[in-house]
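Enquirer: Take this structure first; my questions come after.
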Amino acid sequence: MNEKKEYFYRKELKSLRKEKERLQEQVHFLEKNLNATLASKSWKVTEPLRKVSSFFQKKKDEPEKSVLANHAYDYHTLIPYESEYQENIDFSGYNPLVKTIAFYLPQYHTFQENDAWWGKGFTEWTNTKSSTPSFDGHYIPREPHDDFGYYCLEDIDTIKKQVNLAKQHKIYGFAFYYYWFSGKRLMEKPVDLFLKHSEIDFPFLLCWANENWTRAWDGLDKEVLIQQEYKEQDPNNFIKDIQKYLLDKRYIRVNGKPIIMVYNPSAIPNFETVCEKWRETAKKLGIGEILIWSRTEVGKFDDQNTSFVDAEFDFAPHGFSLPNDTITGINNAANVVNYSKLIHHLWETYEKHYPLKPFHYSVMMGWDNSARRKKNFKIFYHYSLHAFYLWTTMVMKKMYENDFQNTFLFVNAWNEWCEGTYLEPDKKFGYANINTLSKAICGIPLSADFKILNQKSTNIDNLEKIAVQCHIYYVDLLEEILEQLKYIPYSYDLFLSTDSNEKKQEIEMILKKYEISCVSILVHKNIGRDVLPMLIQMKPVIENYTYFLHLHTKKSKTLTGGTEWRKYLYYHLLGSKDNLLEILSLFHENKHLGLLYPTPHPSSFYQLVNPKGSIGGNQRMLEQLFQTLDIPLEDIKMDMTFPTGTMFWSRTEAIKDLFFKFDEKQFSSEDGQLDGTYAHAVERCFDALAKKNGFEVIEIINQHTNN
């Protein structure tokens, strides 16, 4: 499908989705008014009934009103900034799941105009240093970490240090803000210095910050310092001006075409005509075809530029301030929003966003521009690393769902110190922000004790007994499992389960072909997915084994990327003889290790970014199960970890309670459920059960090179 056809197809699909939403709202309206309409037919006769109905309706409405009211918080009741100090983590050995670009502010050097407007020697650090707290617990002023200090961007060593840190954390490139006013440039020194030093091997692009400069920092927003005039010759002159950047070998391209980002397209008169002139000039100058990306807000469904630009991007926090998330009690602030609550509203916003062309989403840390504005500042209060991690994984999930090629994740920002959103380390929390971003974009759990497996291990003499249980719903995947089981360097007993006698016969034929003996093949009706057959089959024998591996033939029909998820789990739990030697050595050498499973795959993001956290829709069943297993209910947390996909290695002693205390009646027939079944609750209890029994849990990443 070519780009033009895809665009019109997506446009029609978006129209149909809107119509669907409109009809759903209409149905809701009719249902709401149906009872009142019926009641009006016999007013006198039904008056007693109406009184009862009114009473219960009020009761029904009360919780909803209460929830809405609770969206507004007094700032005293929340932690302003929830983080902890972290040393730098080196992510060089990881592969990022998305290409991440950080917006880069160049205003960390002196120049003539700033000296005239704000006083000699003014830089971004001037406002940062002079900022003062506005309330108890206000995290300000922000101080850069001693590793970087109050740097000057006229020093190439500083830029090199920034690039080295970004590369170490798997950030793909920088988007330099470019300030151009009809030929007049401001703050161009850092990007020109970067351009001059071609030895800095790091991708970059330009984002035209095409807004007027005002005295907003003084609170005098209407006083313009330098204005965007959008003159007739500006389109040609602009491309001529940035030609040297677009032709640099490090400039970010898609399919060989350099990208120009436009921060505020709505301010440009006749923007479509400007785009046409840019394209014409670029061809005349020998640049070739260019890509124009314009900013739009996710929640506005605004497609006014979509037909003639090549892609769109959003810019957090624009468009993300929701009135029901406001926090009260802070003086001089125009808007204070609950960052952590906002994340859950964004879930709904992204679900309803249907981009017609490639869309590049953005995330940010704890925005706070009170250092830049004396009044009417804006704060995203109650920031937490957990919420930032969830936001990032949520956006990554949306990127996968949109299925556009060559999309990027943008971060606001690398160094916006006066707006409180920066990846660079600071004195109070160190490298916490950039570590959290890297964990998200590399698919690493935020708080789990994960371990890289890449060490050579020797054979273990007299290793205790191993049981391997596999639920084979899809028989065509059995051979894939058997090929993986060949890597186990020790003897083991194999237990298989399936849901029909016909499948059992097929399984027996395959086992005969592989000359593999199986302890038993359980036939169990299709209830409880892979979990119930595993519990039933292993209950009589689980105590005969020290180690236990559970696998199944995962082939999701409801999730994008199900095949990749399955292969990912097999690879990290098995994958090679060396990987298995290290896994079993970990258990053998550490008698307190109870459970081991891979870090989550991107296909399981829906479990991480669910508005209810990793609990999902399983709260009630989890409470019942935890009570049965004597696990403290406080262990049911939004960020609780568990083996997503229900495949794991374990020490049987750590989880055997479950095999004797599960409730078979709670399991439901398989009907493609994504969440909310007893099997989903059981999946979430392995981690907590092992810990409750005094065992350690680790998540692993297989990085053995001989796989």
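Every chain in the structure tokens takes a letter, A first, then B, and so on in the order presented; its residues are numbered from 1, and the ligands are numbered from 1 following the presented order.
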DSSP on the backbone, strand (DSSP E) only: what residues of range 540-666 of chain A does that give? Format it as JSON, numbers by chain.
Expert: {"A": [547, 548, 549, 550, 551, 552, 593, 594, 595, 596, 597, 598, 648, 649, 650, 651]}
Enquirer: Could the residues of range 195-234 of chain A that have an atom at most 10 Å from range 149-160 of chain A be listed as CSV, each with its closest atom pair and the distance in Å to one decimal, counting only C-alpha atoms and ordered by chain and ascending residue number?
Expert:
residue,atom,partner,partner_atom,distance
A:Lys196,CA,A:Ile156,CA,9.9
A:His197,CA,A:Ile156,CA,8.3
A:Glu199,CA,A:Lys160,CA,9.7
A:Ile200,CA,A:Lys160,CA,6.9
A:Asp201,CA,A:Lys160,CA,9.6
A:Phe202,CA,A:Lys160,CA,9.7
Enquirer: Quick one: residues within 9 Å of Leu522 in chain A, only C-alpha atoms, excluding same-chain residues fewer than 4 positions away - as a PyMOL selection string?
Expert: chain A and resi 495-499+504+533+536-537
Enquirer: Smallest atom-to-atom distance to Phe648 in chain A: which of A:Ile460, A:Val98, A:Leu574, A:Ile89, using only C-alpha atoms?
Expert: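 With only C-alpha atoms as the atom set, the closest residue is A:Leu574.
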Enquirer: Would you mind listing what lies within 10 Å of Lys184 in chain A as a short mmCIF file (atom, residue, chain, number, x, y, z; two decimals) with C-alpha atoms, in the first residue's frame, with only C-alpha atoms counted and same-chain residues fewer than 5 positions away left out?
Expert:
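Saved the output as out.cif:
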data_model
loop_
_atom_site.label_atom_id
_atom_site.label_comp_id
_atom_site.auth_asym_id
_atom_site.auth_seq_id
_atom_site.Cartn_x
_atom_site.Cartn_y
_atom_site.Cartn_z
CA TYR A 179 16.00 30.06 16.71
CA ILE A 226 12.21 39.71 18.88
CA GLN A 228 8.69 36.24 13.91
#
Enquirer: For Asn237 in chain A, list every protein, DNA or RNA residue within 8 Å, evaluated using only C-alpha atoms, and leave out those in the same chain fewer than 3 positions away; present the list as a PyMOL selection string.
Expert: chain A and resi 182-183+233-234+240-241
Enquirer: Quick one: pull the distance between CA of Ile472 in chain A and CA of Leu658 in chain A, Å, one decimal.
Expert: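 Answer for the CA of Ile472 in chain A to CA of Leu658 in chain A separation: 21.4 Å.
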Enquirer: Using only C-alpha atoms, determine which residues lie at most 9 Å from range 125-131 of chain A, disregarding the query and same-chain residues fewer than 3 positions distant; provide the list as a PyMOL selection string.
Expert: chain A and resi 107-108+121-122+140-143+150-151+217+370-372+374+417-418
Enquirer: Within range 617-702 of chain A, find each residue whose DSSP state, derived from the backbone, is alpha helix (DSSP H), and express the selection as an NGL selection string.
Expert: :A and (619-628 or 652-661 or 678-683 or 686-692)
Enquirer: Would you pick out the contacts of Glu289 in chain A at 10 Å or less, using only C-alpha atoms, so that residues sharing its chain but fewer than 3 positions from it are not included, and give the list as an mmCIF file with C-alpha atoms, in the first residue's frame?
Expert:
data_model
loop_
_atom_site.group_PDB
_atom_site.id
_atom_site.type_symbol
_atom_site.label_atom_id
_atom_site.label_comp_id
_atom_site.auth_asym_id
_atom_site.auth_seq_id
_atom_site.Cartn_x
_atom_site.Cartn_y
_atom_site.Cartn_z
ATOM 1 C CA GLY A 256 17.453 9.189 2.986
ATOM 2 C CA LYS A 257 15.375 12.361 3.464
ATOM 3 C CA PRO A 258 16.436 14.935 6.106
ATOM 4 C CA ILE A 259 13.792 16.050 8.624
ATOM 5 C CA TRP A 278 10.755 24.626 1.298
ATOM 6 C CA ARG A 279 10.538 21.503 -0.836
ATOM 7 C CA GLU A 280 11.194 23.419 -4.062
ATOM 8 C CA THR A 281 14.187 25.264 -2.612
ATOM 9 C CA ALA A 282 15.660 22.080 -1.144
ATOM 10 C CA LYS A 283 15.578 20.429 -4.574
ATOM 11 C CA GLY A 286 20.741 19.890 -4.274
ATOM 12 C CA ILE A 292 8.459 18.204 7.218
#
Enquirer: Taking only C-alpha atoms into account, name the residue in A:Thr349, A:Ser340, A:Ala333, A:Glu670 that is nearest to Asp368 in chain A.
Expert: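 Smallest distance to Asp368 in chain A is found for A:Ala333.
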Enquirer: To one decimal place, how far is CA of Lys486 in chain A from CA of Gln703 in chain A in Å?
Expert: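 So the two atoms, CA of Lys486 in chain A and CA of Gln703 in chain A, lie 18.8 Å apart.
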Enquirer: Pick out the closest residue to His382 in chain A from this set: A:Trp367, A:Tyr81, A:Phe320, A:Phe450. Count only C-alpha atoms.
Expert: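 Under the stated criterion, the closest residue is A:Tyr81.
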